[in-house]
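A.B. asks: Sharing input09.csv here; it has CSV, C-alpha atoms and all ligand atoms.
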chain,number,residue,atom,x,y,z
A,1,MET,CA,85.2,-89.5,-188.8
A,2,ARG,CA,82.6,-86.9,-187.6
A,3,ILE,CA,78.9,-87.6,-187.9
A,4,ASP,CA,78.2,-85.3,-190.9
A,5,THR,CA,81.0,-87.1,-192.9
A,6,LYS,CA,79.9,-90.5,-191.7
A,7,LEU,CA,76.4,-89.9,-193.1
A,8,ILE,CA,78.0,-89.5,-196.5
A,9,HIS,CA,81.0,-91.9,-196.4
A,10,GLY,CA,79.9,-94.4,-193.8
A,11,GLY,CA,78.7,-97.9,-194.6
A,12,VAL,CA,79.3,-99.1,-198.2
A,13,MET,CA,80.1,-96.5,-200.8
A,14,GLY,CA,78.6,-97.1,-204.2
A,15,ASP,CA,79.6,-100.0,-206.5
A,16,LYS,CA,83.2,-101.0,-207.0
A,17,HIS,CA,82.6,-102.8,-210.3
A,18,THR,CA,81.2,-99.8,-212.2
A,19,GLY,CA,82.2,-96.8,-210.1
A,20,ALA,CA,78.5,-95.9,-209.5
A,21,LEU,CA,78.3,-93.6,-206.5
A,22,SER,CA,75.1,-95.0,-205.2
A,23,VAL,CA,74.7,-98.6,-204.0
A,24,PRO,CA,72.9,-100.6,-206.6
A,25,ILE,CA,69.4,-102.0,-205.9
A,26,TYR,CA,70.0,-105.8,-205.9
A,27,GLN,CA,66.4,-106.8,-206.7
A,28,VAL,CA,67.1,-110.5,-206.2
A,29,SER,CA,65.9,-113.3,-204.1
A,30,THR,CA,68.6,-116.0,-204.6
A,31,TYR,CA,72.3,-116.3,-205.6
A,32,GLN,CA,74.3,-118.7,-207.6
A,33,GLN,CA,76.5,-121.0,-205.5
A,34,ASP,CA,79.9,-122.0,-206.9
A,35,GLU,CA,79.7,-125.5,-205.3
A,36,ILE,CA,77.3,-127.0,-202.8
A,37,GLY,CA,77.8,-125.1,-199.6
A,38,LYS,CA,80.2,-122.6,-201.3
A,39,HIS,CA,78.7,-119.1,-201.9
A,40,ARG,CA,80.0,-115.6,-202.3
A,41,GLY,CA,78.6,-114.1,-199.1
A,42,TYR,CA,74.9,-114.3,-200.2
A,43,GLU,CA,72.6,-117.3,-200.4
A,44,TYR,CA,69.1,-116.0,-200.1
A,45,SER,CA,67.8,-112.5,-199.6
A,46,ARG,CA,65.9,-113.1,-196.4
A,47,THR,CA,69.3,-114.1,-194.9
A,48,GLY,CA,71.2,-111.3,-196.6
A,49,ASN,CA,70.9,-108.9,-199.5
A,50,PRO,CA,73.7,-106.6,-200.7
A,51,THR,CA,71.6,-103.4,-200.7
A,52,ARG,CA,70.1,-104.2,-197.3
A,53,SER,CA,73.6,-105.1,-196.1
A,54,ALA,CA,74.9,-101.7,-197.1
A,55,LEU,CA,72.2,-100.0,-195.0
A,56,GLU,CA,72.9,-102.4,-192.1
A,57,THR,CA,76.5,-101.5,-192.1
A,58,LEU,CA,75.6,-97.9,-192.2
A,59,ILE,CA,73.3,-98.0,-189.1
A,60,ALA,CA,75.8,-100.0,-187.2
A,61,GLU,CA,78.5,-97.3,-187.9
A,62,LEU,CA,76.1,-94.4,-187.2
A,63,GLU,CA,75.1,-95.8,-183.8
A,64,ASN,CA,78.6,-96.9,-182.9
A,65,GLY,CA,77.4,-100.5,-182.7
A,66,THR,CA,78.9,-103.8,-183.7
A,67,ARG,CA,76.2,-104.9,-186.2
A,68,GLY,CA,73.1,-103.4,-187.8
A,69,PHE,CA,69.8,-104.8,-189.1
A,70,ALA,CA,67.0,-103.5,-191.3
A,71,PHE,CA,63.4,-104.6,-190.9
A,72,SER,CA,60.2,-104.1,-192.8
A,73,SER,CA,58.9,-101.6,-190.2
A,74,GLY,CA,59.7,-100.2,-186.8
A,75,MET,CA,57.3,-102.6,-185.2
A,76,ALA,CA,59.0,-105.5,-187.0
A,77,ALA,CA,62.3,-104.3,-185.4
A,78,VAL,CA,60.6,-104.0,-182.0
A,79,SER,CA,59.0,-107.5,-182.3
A,80,THR,CA,62.2,-109.2,-183.4
A,81,VAL,CA,64.2,-107.6,-180.6
A,82,VAL,CA,61.5,-108.7,-178.0
A,83,SER,CA,61.7,-112.2,-179.4
A,84,LEU,CA,65.1,-112.5,-177.7
A,85,PHE,CA,63.2,-113.2,-174.5
A,86,ASN,CA,61.6,-116.4,-173.3
A,87,GLN,CA,58.3,-117.4,-171.7
A,88,GLY,CA,58.5,-116.3,-168.0
A,89,ASP,CA,60.8,-113.4,-168.7
A,90,HIS,CA,59.8,-109.9,-167.6
A,91,LEU,CA,60.6,-106.4,-169.0
A,92,VAL,CA,60.5,-103.0,-167.4
A,93,VAL,CA,59.3,-100.6,-170.0
A,94,GLY,CA,58.9,-96.8,-170.1
A,95,ASP,CA,55.3,-95.8,-169.6
A,96,ASP,CA,55.3,-93.0,-172.2
A,97,ILE,CA,56.4,-95.1,-175.2
A,98,TYR,CA,55.0,-95.4,-178.7
A,99,GLY,CA,51.4,-96.7,-178.7
A,100,GLY,CA,52.2,-99.6,-181.0
A,101,THR,CA,55.0,-100.8,-178.8
A,102,TYR,CA,52.7,-100.6,-175.8
A,103,ARG,CA,50.1,-102.6,-177.8
A,104,VAL,CA,52.5,-105.4,-179.0
A,105,LEU,CA,53.9,-105.8,-175.5
A,106,SER,CA,50.5,-105.7,-173.6
A,107,LYS,CA,48.4,-107.6,-176.2
A,108,VAL,CA,50.7,-110.0,-178.0
A,109,PHE,CA,53.9,-110.8,-176.2
A,110,ASN,CA,52.1,-111.0,-172.8
A,111,ARG,CA,50.0,-113.9,-174.3
A,112,LEU,CA,53.3,-115.7,-175.1
A,113,GLY,CA,54.4,-115.4,-171.5
A,114,ILE,CA,56.7,-112.3,-171.8
A,115,GLN,CA,55.3,-109.8,-169.3
A,116,SER,CA,56.0,-106.1,-169.2
A,117,SER,CA,55.6,-103.5,-166.4
A,118,PHE,CA,55.3,-99.9,-167.4
A,119,VAL,CA,56.9,-97.2,-165.4
A,120,ASP,CA,58.0,-93.6,-165.7
A,121,SER,CA,61.6,-94.2,-166.7
A,122,SER,CA,62.5,-90.5,-166.1
A,123,HIS,CA,62.6,-91.6,-162.4
A,124,PRO,CA,65.4,-94.2,-162.1
A,125,GLU,CA,64.3,-95.3,-158.6
A,126,ALA,CA,60.9,-96.2,-160.0
A,127,VAL,CA,62.6,-98.4,-162.6
A,128,GLU,CA,64.7,-100.1,-160.0
A,129,ASP,CA,61.6,-100.8,-157.9
A,130,MET,CA,60.0,-102.6,-160.8
A,131,ILE,CA,62.8,-105.1,-161.3
A,132,ARG,CA,62.0,-108.6,-160.3
A,133,PRO,CA,64.1,-111.8,-160.3
A,134,GLU,CA,62.7,-112.7,-163.7
A,135,THR,CA,63.4,-109.3,-165.3
A,136,LYS,CA,65.6,-109.5,-168.3
A,137,ALA,CA,65.7,-106.0,-169.8
A,138,VAL,CA,64.8,-102.4,-169.5
A,139,TYR,CA,63.2,-100.8,-172.6
A,140,ILE,CA,62.9,-97.0,-172.9
A,141,GLU,CA,62.4,-94.1,-175.3
A,142,THR,CA,64.1,-90.8,-174.6
A,143,PRO,CA,62.8,-88.2,-175.1
A,144,SER,CA,59.5,-90.0,-174.8
A,145,ASN,CA,56.3,-89.8,-176.9
A,146,PRO,CA,54.3,-87.6,-176.7
A,147,LEU,CA,55.3,-85.9,-173.5
A,148,LEU,CA,59.0,-85.6,-174.3
A,149,LYS,CA,60.2,-86.8,-170.9
A,150,VAL,CA,63.9,-87.3,-170.7
A,151,THR,CA,65.4,-90.5,-169.2
A,152,ASP,CA,69.0,-90.7,-167.9
A,153,LEU,CA,70.7,-93.2,-170.2
A,154,SER,CA,73.8,-93.6,-168.1
A,155,LYS,CA,71.8,-94.3,-164.9
A,156,MET,CA,69.7,-96.8,-166.8
A,157,ALA,CA,72.9,-98.5,-168.1
A,158,ALA,CA,74.3,-98.6,-164.5
A,159,ILE,CA,71.0,-100.2,-163.2
A,160,CYS,CA,71.1,-102.7,-166.0
A,161,GLN,CA,74.8,-103.6,-165.8
A,162,SER,CA,74.7,-104.2,-162.1
A,163,ARG,CA,71.9,-106.7,-162.6
A,164,GLY,CA,72.9,-108.3,-165.9
A,165,LEU,CA,69.9,-106.8,-167.8
A,166,LEU,CA,69.8,-105.7,-171.4
A,167,LEU,CA,69.2,-102.0,-172.0
A,168,ILE,CA,67.1,-101.4,-175.1
A,169,VAL,CA,66.6,-97.8,-176.4
A,170,ASP,CA,64.2,-96.7,-179.1
A,171,ASN,CA,66.2,-93.7,-180.6
A,172,THR,CA,63.6,-92.8,-183.2
A,173,PHE,CA,63.1,-89.2,-181.9
A,174,LEU,CA,66.7,-88.0,-181.8
A,175,THR,CA,68.3,-90.3,-184.3
A,176,PRO,CA,72.1,-91.1,-184.2
A,177,TYR,CA,72.6,-87.5,-185.4
A,178,TRP,CA,71.8,-86.1,-181.9
A,179,GLN,CA,72.1,-89.1,-179.6
A,180,ASN,CA,74.1,-92.4,-179.4
A,181,PRO,CA,72.6,-94.6,-176.6
A,182,ILE,CA,75.3,-97.3,-177.1
A,183,ASP,CA,77.9,-94.7,-176.1
A,184,SER,CA,76.0,-94.2,-172.9
A,185,GLY,CA,75.8,-98.0,-172.2
A,186,ALA,CA,72.8,-99.3,-174.1
A,187,ASP,CA,73.0,-102.8,-175.6
A,188,ILE,CA,70.4,-102.4,-178.4
A,189,VAL,CA,69.2,-99.3,-180.2
A,190,LEU,CA,66.2,-99.4,-182.4
A,191,HIS,CA,64.5,-97.0,-184.8
A,192,SER,CA,61.3,-96.6,-186.6
A,193,ALA,CA,63.3,-95.5,-189.7
A,194,THR,CA,59.9,-94.5,-191.2
A,195,LYS,CA,60.4,-91.3,-189.3
A,196,TYR,CA,63.5,-89.1,-189.4
A,197,MET,CA,65.9,-91.7,-190.9
A,198,GLY,CA,63.9,-92.0,-194.1
A,199,GLY,CA,62.6,-88.4,-193.6
A,200,HIS,CA,60.4,-88.1,-196.7
A,201,SER,CA,57.1,-89.8,-195.9
A,202,ASP,CA,57.8,-92.5,-198.5
A,203,VAL,CA,59.1,-95.6,-196.7
A,204,VAL,CA,58.1,-97.8,-193.8
A,205,ALA,CA,61.2,-99.4,-192.2
A,206,GLY,CA,62.9,-100.4,-188.9
A,207,LEU,CA,66.6,-100.4,-188.0
A,208,VAL,CA,68.5,-102.0,-185.1
A,209,ALA,CA,72.1,-101.6,-184.0
A,210,VAL,CA,73.6,-103.8,-181.3
A,211,LYS,CA,76.7,-103.8,-179.1
A,212,GLY,CA,78.8,-107.0,-179.3
A,213,GLU,CA,79.1,-110.0,-181.6
A,214,GLU,CA,77.0,-112.3,-179.5
A,215,LEU,CA,73.9,-110.0,-179.6
A,216,GLY,CA,74.6,-109.5,-183.3
A,217,GLU,CA,74.5,-113.2,-183.9
A,218,GLN,CA,71.3,-113.6,-181.9
A,219,ILE,CA,69.5,-110.7,-183.7
A,220,HIS,CA,70.6,-112.0,-187.1
A,221,PHE,CA,69.3,-115.5,-186.2
A,222,LEU,CA,65.9,-113.9,-185.2
A,223,GLN,CA,65.8,-111.6,-188.2
A,224,ASN,CA,66.4,-114.6,-190.5
A,225,SER,CA,64.1,-116.9,-188.6
A,226,ILE,CA,61.1,-114.5,-188.3
A,227,GLY,CA,61.8,-112.9,-191.7
A,228,ALA,CA,60.5,-109.4,-191.4
A,229,VAL,CA,63.3,-108.0,-193.5
A,230,LEU,CA,63.4,-104.8,-195.5
A,231,GLY,CA,63.3,-105.1,-199.3
A,232,PRO,CA,66.1,-103.8,-201.5
A,233,GLN,CA,64.2,-100.9,-203.0
A,234,ASP,CA,63.2,-99.6,-199.5
A,235,SER,CA,66.8,-100.2,-198.2
A,236,TRP,CA,68.0,-98.0,-201.1
A,237,LEU,CA,65.5,-95.2,-200.3
A,238,LEU,CA,66.6,-95.3,-196.7
A,239,ILE,CA,70.3,-95.0,-197.6
A,240,ARG,CA,69.4,-92.0,-199.8
A,241,GLY,CA,67.3,-90.4,-197.0
A,242,ILE,CA,70.1,-90.9,-194.4
A,243,LYS,CA,72.6,-88.9,-196.6
A,244,THR,CA,70.7,-85.7,-195.7
A,245,LEU,CA,69.9,-86.6,-192.1
A,246,GLY,CA,72.3,-84.0,-190.7
A,247,LEU,CA,70.9,-81.2,-192.8
A,248,ARG,CA,67.4,-82.1,-192.0
A,249,MET,CA,67.9,-82.6,-188.2
A,250,ARG,CA,69.5,-79.2,-187.9
A,251,GLN,CA,66.6,-77.5,-189.7
A,252,HIS,CA,64.0,-79.5,-187.7
A,253,GLU,CA,65.6,-78.4,-184.5
A,254,GLU,CA,65.9,-74.7,-185.5
A,255,GLY,CA,62.2,-74.7,-186.4
A,256,ALA,CA,61.2,-76.5,-183.2
A,257,ARG,CA,63.2,-74.1,-181.0
A,258,HIS,CA,61.6,-71.1,-182.7
A,259,LEU,CA,58.1,-72.5,-182.4
A,260,ALA,CA,58.5,-73.8,-178.8
A,261,ASN,CA,59.8,-70.3,-177.7
A,262,TRP,CA,56.9,-68.6,-179.4
A,263,LEU,CA,54.3,-71.1,-178.0
A,264,SER,CA,55.6,-70.6,-174.4
A,265,THR,CA,54.9,-66.8,-174.7
A,266,ARG,CA,51.3,-67.4,-175.4
A,267,LYS,CA,48.7,-67.1,-172.6
A,268,ASP,CA,46.2,-69.4,-174.3
A,269,ILE,CA,48.4,-72.4,-174.2
A,270,LYS,CA,48.3,-74.5,-171.0
A,271,LYS,CA,51.6,-76.1,-171.3
A,272,VAL,CA,54.4,-76.6,-173.8
A,273,TYR,CA,56.6,-79.7,-173.8
A,274,TYR,CA,60.0,-79.3,-175.5
A,275,PRO,CA,63.3,-80.5,-173.9
A,276,GLY,CA,65.1,-77.5,-175.5
A,277,LEU,CA,63.1,-75.1,-173.2
A,278,LYS,CA,65.1,-74.1,-170.1
A,279,ASP,CA,62.1,-74.8,-167.8
A,280,HIS,CA,61.6,-78.3,-169.2
A,281,PRO,CA,62.4,-80.7,-166.3
A,282,GLY,CA,64.7,-82.8,-168.5
A,283,HIS,CA,66.5,-79.9,-170.1
A,284,GLU,CA,69.9,-80.2,-168.3
A,285,LEU,CA,69.9,-84.0,-168.7
A,286,ALA,CA,69.0,-83.7,-172.4
A,287,ARG,CA,71.9,-81.2,-172.9
A,288,THR,CA,74.4,-83.6,-171.4
A,289,GLN,CA,73.4,-86.9,-173.0
A,290,ALA,CA,72.5,-85.7,-176.5
A,291,ARG,CA,73.8,-83.2,-178.9
A,292,GLY,CA,70.4,-81.7,-179.8
A,293,PHE,CA,66.8,-81.6,-178.6
A,294,GLY,CA,65.1,-82.7,-181.8
A,295,GLY,CA,62.1,-81.5,-183.7
A,296,MET,CA,59.1,-82.8,-181.7
A,297,ILE,CA,56.9,-80.5,-179.6
A,298,SER,CA,53.7,-81.2,-177.7
A,299,PHE,CA,51.4,-78.5,-176.3
A,300,ASP,CA,48.1,-78.4,-174.5
A,301,VAL,CA,45.4,-76.1,-175.8
A,302,GLY,CA,43.0,-76.8,-173.0
A,303,SER,CA,40.3,-79.0,-174.5
A,304,GLY,CA,39.6,-81.6,-177.1
A,305,LYS,CA,37.3,-79.3,-178.9
A,306,ARG,CA,39.9,-76.5,-179.3
A,307,ALA,CA,42.5,-79.1,-180.4
A,308,GLU,CA,40.1,-80.2,-183.1
A,309,GLU,CA,39.6,-76.6,-184.3
A,310,VAL,CA,43.3,-75.9,-184.5
A,311,LEU,CA,43.9,-79.1,-186.4
A,312,SER,CA,41.2,-78.2,-188.9
A,313,ARG,CA,42.7,-74.8,-189.6
A,314,THR,CA,46.4,-75.3,-190.2
A,315,GLN,CA,47.7,-74.9,-193.7
A,316,TRP,CA,51.3,-76.0,-193.5
A,317,PHE,CA,50.9,-78.5,-190.7
A,318,THR,CA,49.3,-81.6,-192.3
A,319,LEU,CA,46.9,-83.6,-190.1
A,320,ALA,CA,48.5,-87.0,-190.1
A,321,GLU,CA,50.0,-89.8,-187.9
A,322,SER,CA,53.7,-90.2,-188.1
A,323,LEU,CA,56.6,-87.7,-187.6
A,324,GLY,CA,60.1,-86.9,-188.7
A,325,ALA,CA,59.3,-86.0,-192.3
A,326,VAL,CA,60.3,-82.9,-194.2
A,327,GLU,CA,56.6,-81.8,-194.1
A,328,SER,CA,55.3,-80.5,-190.8
A,329,LEU,CA,52.7,-82.8,-189.3
A,330,ILE,CA,50.1,-82.2,-186.6
A,331,SER,CA,48.1,-84.7,-184.5
A,332,VAL,CA,46.1,-85.3,-181.3
A,333,PRO,CA,47.8,-88.3,-179.6
A,334,SER,CA,44.8,-89.2,-177.5
A,335,ARG,CA,42.7,-89.8,-180.6
A,336,MET,CA,45.4,-90.9,-183.0
A,337,THR,CA,48.8,-92.4,-182.2
A,338,HIS,CA,47.9,-93.2,-178.6
A,339,ALA,CA,44.3,-94.2,-179.1
A,340,SER,CA,45.3,-97.8,-178.4
A,341,ILE,CA,46.2,-96.8,-174.8
A,342,PRO,CA,43.1,-97.2,-172.5
A,343,GLU,CA,41.5,-93.9,-171.6
A,344,GLU,CA,42.1,-94.1,-167.8
A,345,ARG,CA,45.8,-94.9,-168.5
A,346,ARG,CA,46.1,-91.9,-170.8
A,347,ALA,CA,44.7,-89.6,-168.1
A,348,GLU,CA,47.2,-91.0,-165.6
A,349,LEU,CA,50.0,-90.2,-168.1
A,350,GLY,CA,48.8,-86.7,-168.8
A,351,ILE,CA,47.9,-87.4,-172.5
A,352,THR,CA,44.9,-85.1,-172.4
A,353,ASP,CA,42.4,-84.6,-175.2
A,354,GLY,CA,43.7,-81.0,-175.6
A,355,LEU,CA,47.3,-82.2,-176.2
A,356,ILE,CA,48.5,-81.5,-179.7
A,357,ARG,CA,51.8,-83.0,-181.0
A,358,ILE,CA,53.7,-81.4,-183.8
A,359,SER,CA,56.5,-82.7,-185.9
A,360,VAL,CA,58.3,-79.6,-187.1
A,361,GLY,CA,59.3,-80.0,-190.7
A,362,VAL,CA,62.0,-78.2,-192.6
A,363,GLU,CA,59.8,-75.3,-193.9
A,364,ASP,CA,60.6,-71.7,-193.0
A,365,PRO,CA,60.0,-71.4,-189.2
A,366,GLU,CA,58.3,-68.0,-189.7
A,367,ASP,CA,55.7,-69.5,-192.0
A,368,LEU,CA,55.1,-72.2,-189.4
A,369,VAL,CA,54.6,-69.6,-186.6
A,370,GLU,CA,52.2,-67.6,-188.7
A,371,ASP,CA,50.2,-70.8,-189.6
A,372,LEU,CA,49.8,-71.8,-185.9
A,373,GLU,CA,49.0,-68.3,-184.9
A,374,GLN,CA,46.1,-68.0,-187.3
A,375,ALA,CA,44.9,-71.5,-186.4
A,376,LEU,CA,44.9,-70.7,-182.7
A,377,ARG,CA,43.1,-67.4,-183.2
B,1,LIG,C1,56.5,-95.0,-185.4
B,1,LIG,C2,57.2,-95.5,-184.2
B,1,LIG,C3,57.5,-96.8,-184.0
B,1,LIG,C4,56.9,-97.9,-184.9
B,1,LIG,O1,57.5,-97.8,-186.2
B,1,LIG,P1,56.7,-98.2,-187.6
B,1,LIG,O2,57.8,-97.9,-188.6
B,1,LIG,O3,55.5,-97.4,-187.7
B,1,LIG,O4,56.4,-99.7,-187.5
B,1,LIG,C5,58.2,-97.2,-182.9
B,1,LIG,N1,58.7,-96.3,-182.1
B,1,LIG,C6,58.5,-95.0,-182.2
B,1,LIG,C7,59.1,-94.0,-181.3
B,1,LIG,C8,57.8,-94.5,-183.3
B,1,LIG,O5,57.6,-93.2,-183.4
As structure tokens, what does this structure read like?
C.D. replies:
Amino acid sequence: MRIDTKLIHGGVMGDKHTGALSVPIYQVSTYQQDEIGKHRGYEYSRTGNPTRSALETLIAELENGTRGFAFSSGMAAVSTVVSLFNQGDHLVVGDDIYGGTYRVLSKVFNRLGIQSSFVDSSHPEAVEDMIRPETKAVYIETPSNPLLKVTDLSKMAAICQSRGLLLIVDNTFLTPYWQNPIDSGADIVLHSATKYMGGHSDVVAGLVAVKGEELGEQIHFLQNSIGAVLGPQDSWLLIRGIKTLGLRMRQHEEGARHLANWLSTRKDIKKVYYPGLKDHPGHELARTQARGFGGMISFDVGSGKRAEEVLSRTQWFTLAESLGAVESLISVPSRMTHASIPEERRAELGITDGLIRISVGVEDPEDLVEDLEQALR
């Protein structure tokens, strides 16, 4: 089954009792047992709920994984996955990751004895150099946020396999529509489903897909133990959002390509970051390991003051955190999504005050160009 068909017919289709085409919202916490210890697959909704379960089967299929899991947010998914590790364990983590992931690793899990070292994962040798005897996993995003650096998934998988480490990939930016990290050798794929998977700025959720029964059992144990599960209503909204993932991702990308090309012709823009541009350092790699380049662009307008002016003048780009929705969004990472990263660290990474990040929505690309044009003027 090809991906566009999988989005519609994957997972669990509707309700076999009534013929309803959409999966019912099982707004329920507990289930009648036939005898003590004998139930019909569901006992308690933290452990399992049929609506959530339909979504979990769907994400497992979309990511070509063995099992899928749905969480109450992307950060709940990240935190549950990191709970696989023990005190004394060490992780090698991409240095250009989502600010909240950086925060939970460097301010919460480090207190519990799980240490992380941050490194530019677009350089595989740099990742290898960071590995210690107590390292248990490599955790990356590709393309990264907000500089859209591309990391070689197959090389990461080879590094991890030869040392018995887990490879964990946050696939929020490309979604399973454009990229399947498990096919390149990843063990765990996670998503902030708040972004493209949901796609309509109306649900906060996280998704995980894993390779292998053993990891599946471990994550299910942690999901049930920690309890940060997604409710049935939000699970249903996500299933509905995912039906149009292909339509949306194609339109996001068409708009992004149009805007990135246009931005790179402008003399008043210092730099444009978009993996779909031929001069992007990760362009060739992105072409081989993914089917698309996505809808996120960053560009540097030179100063924090100018960035602020642009943000105050756009009409179709809404000033907001988040990304991946049908509406185009605009932000300044240094003062918004990445504000939790210390200033010196941001400077090292190249997240300047003049860096603007846009999440290209599904509006007409010409209107988006005109809007940015007038805002830049
Ligand atoms: C938003 C985001 C997260 C966190 O997800 P929430 O749903 O906001 O908790 C994690 N990773 C990436 C890449 C994100 O963009």
A.B. asks: Contacts of Leu230 in chain A at 6 Å or less, counting all atoms listed in the file, minus same-chain residues fewer than 4 places along, as a compact mmCIF listing (two decimals) with C-alpha atoms, in the frame of the given file?
C.D. replies:
# COMPACT_ATOMS: atom_id res chain seq x y z
CA ALA A 70 67.00 -103.50 -191.30
CA PHE A 71 63.40 -104.60 -190.90
CA SER A 72 60.20 -104.10 -192.80
A.B. asks: What gap, in Å, lies between CA of Ser298 in chain A and CA of Leu148 in chain A?
C.D. replies: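 Distance between the two atoms: 7.7 Å.
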A.B. asks: Find, counting only C-alpha atoms, the residue in A:Glu134, A:Gly282, A:Ile182, A:Ser322 that gets nearest to Gly74 in chain A.
C.D. replies: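 The answer is A:Ser322, which sits nearest to Gly74 in chain A.
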A.B. asks: Give the residue list for ligand LIG 1 (chain B) at 10 Å, counting only C-alpha atoms and all ligand atoms, as a PyMOL selection string, sorted by chain and then by residue number.
C.D. replies: chain A and resi 71-79+96-102+140-146+169-174+190-196+203-207+321-324+337
A.B. asks: So which residues touch Pro365 in chain A within 7 Å, counting only C-alpha atoms, skipping near sequence neighbours fewer than 4 positions away, as a PyMOL selection string?
C.D. replies: chain A and resi 255+258+369
A.B. asks: Would you mind reading off the distance between CA of Gly41 in chain A and CA of Ile59 in chain A, one decimal, in Å?
C.D. replies: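 Calculated distance between CA of Gly41 in chain A and CA of Ile59 in chain A is 19.7 Å.
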A.B. asks: Of the candidates A:Ala325, A:Ala347, A:Leu259, A:Val332, which shows the shortest atom-to-atom distance to Glu370 in chain A, using only C-alpha atoms?
C.D. replies: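 Smallest distance to Glu370 in chain A is found for A:Leu259.
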A.B. asks: For CA of Ser184 in chain A and CA of Phe293 in chain A, determine how far apart the two atoms are, in Å to one decimal place.
C.D. replies: 16.6 Å
A.B. asks: Skip Val138 in chain A itself and residues of its chain fewer than 6 positions away, then list as number ranges by chain all residues within 7 Å of it, counting all atoms listed in the file.
C.D. replies: A: 91-93, 165-168
A.B. asks: Within 9 Å of Arg257 in chain A, counting only C-alpha atoms, which residues show up once you throw out same-chain ones fewer than 5 positions away? Write them as a list in words, please.
C.D. replies: His252, Trp262, Tyr274, Gly276, Leu277, Phe293, Gly294 and Gly295 of chain A
A.B. asks: Could you pull the residues within 10 Å of Cys160 in chain A, counting only C-alpha atoms, minus those fewer than 2 positions along the same chain, as an MDAnalysis selection string?
C.D. replies: chainID A and resid 128 131 136:138 154:158 162:167 185:187
A.B. asks: Please return range 131-135 of chain A, rebuilt to all heavy atoms, as a CSV table (one decimal), in the coordinates of the input.
C.D. replies:
chain,number,residue,atom,x,y,z
A,131,ILE,N,62.0,-103.9,-160.9
A,131,ILE,CA,62.8,-105.1,-161.3
A,131,ILE,C,62.5,-106.3,-160.4
A,131,ILE,O,62.5,-106.1,-159.2
A,131,ILE,CB,64.3,-104.7,-161.3
A,131,ILE,CG1,64.6,-103.6,-162.4
A,131,ILE,CG2,65.2,-105.9,-161.5
A,131,ILE,CD1,65.9,-103.0,-162.4
A,132,ARG,N,62.3,-107.4,-161.1
A,132,ARG,CA,62.0,-108.6,-160.3
A,132,ARG,C,63.1,-109.7,-160.7
A,132,ARG,O,63.9,-109.4,-161.6
A,132,ARG,CB,60.7,-109.3,-160.8
A,132,ARG,CG,59.5,-108.3,-160.9
A,132,ARG,CD,58.4,-109.2,-161.5
A,132,ARG,NE,57.2,-108.4,-161.9
A,132,ARG,CZ,56.3,-108.8,-162.7
A,132,ARG,NH1,56.3,-110.0,-163.2
A,132,ARG,NH2,55.2,-108.0,-163.0
A,133,PRO,N,63.1,-110.8,-160.0
A,133,PRO,CA,64.1,-111.8,-160.3
A,133,PRO,C,64.1,-112.2,-161.8
A,133,PRO,O,65.1,-112.5,-162.4
A,133,PRO,CB,63.8,-113.0,-159.4
A,133,PRO,CG,63.0,-112.4,-158.3
A,133,PRO,CD,62.2,-111.2,-158.8
A,134,GLU,N,62.9,-112.3,-162.4
A,134,GLU,CA,62.7,-112.7,-163.7
A,134,GLU,C,62.9,-111.6,-164.8
A,134,GLU,O,62.7,-111.8,-166.0
A,134,GLU,CB,61.4,-113.5,-163.9
A,134,GLU,CG,60.2,-112.8,-163.7
A,134,GLU,CD,59.7,-112.8,-162.2
A,134,GLU,OE1,60.5,-112.9,-161.3
A,134,GLU,OE2,58.5,-112.5,-162.0
A,135,THR,N,63.2,-110.4,-164.3
A,135,THR,CA,63.4,-109.3,-165.3
A,135,THR,C,64.6,-109.5,-166.1
A,135,THR,O,65.7,-109.9,-165.6
A,135,THR,CB,63.5,-107.9,-164.5
A,135,THR,OG1,62.3,-107.8,-163.7
A,135,THR,CG2,63.6,-106.8,-165.5
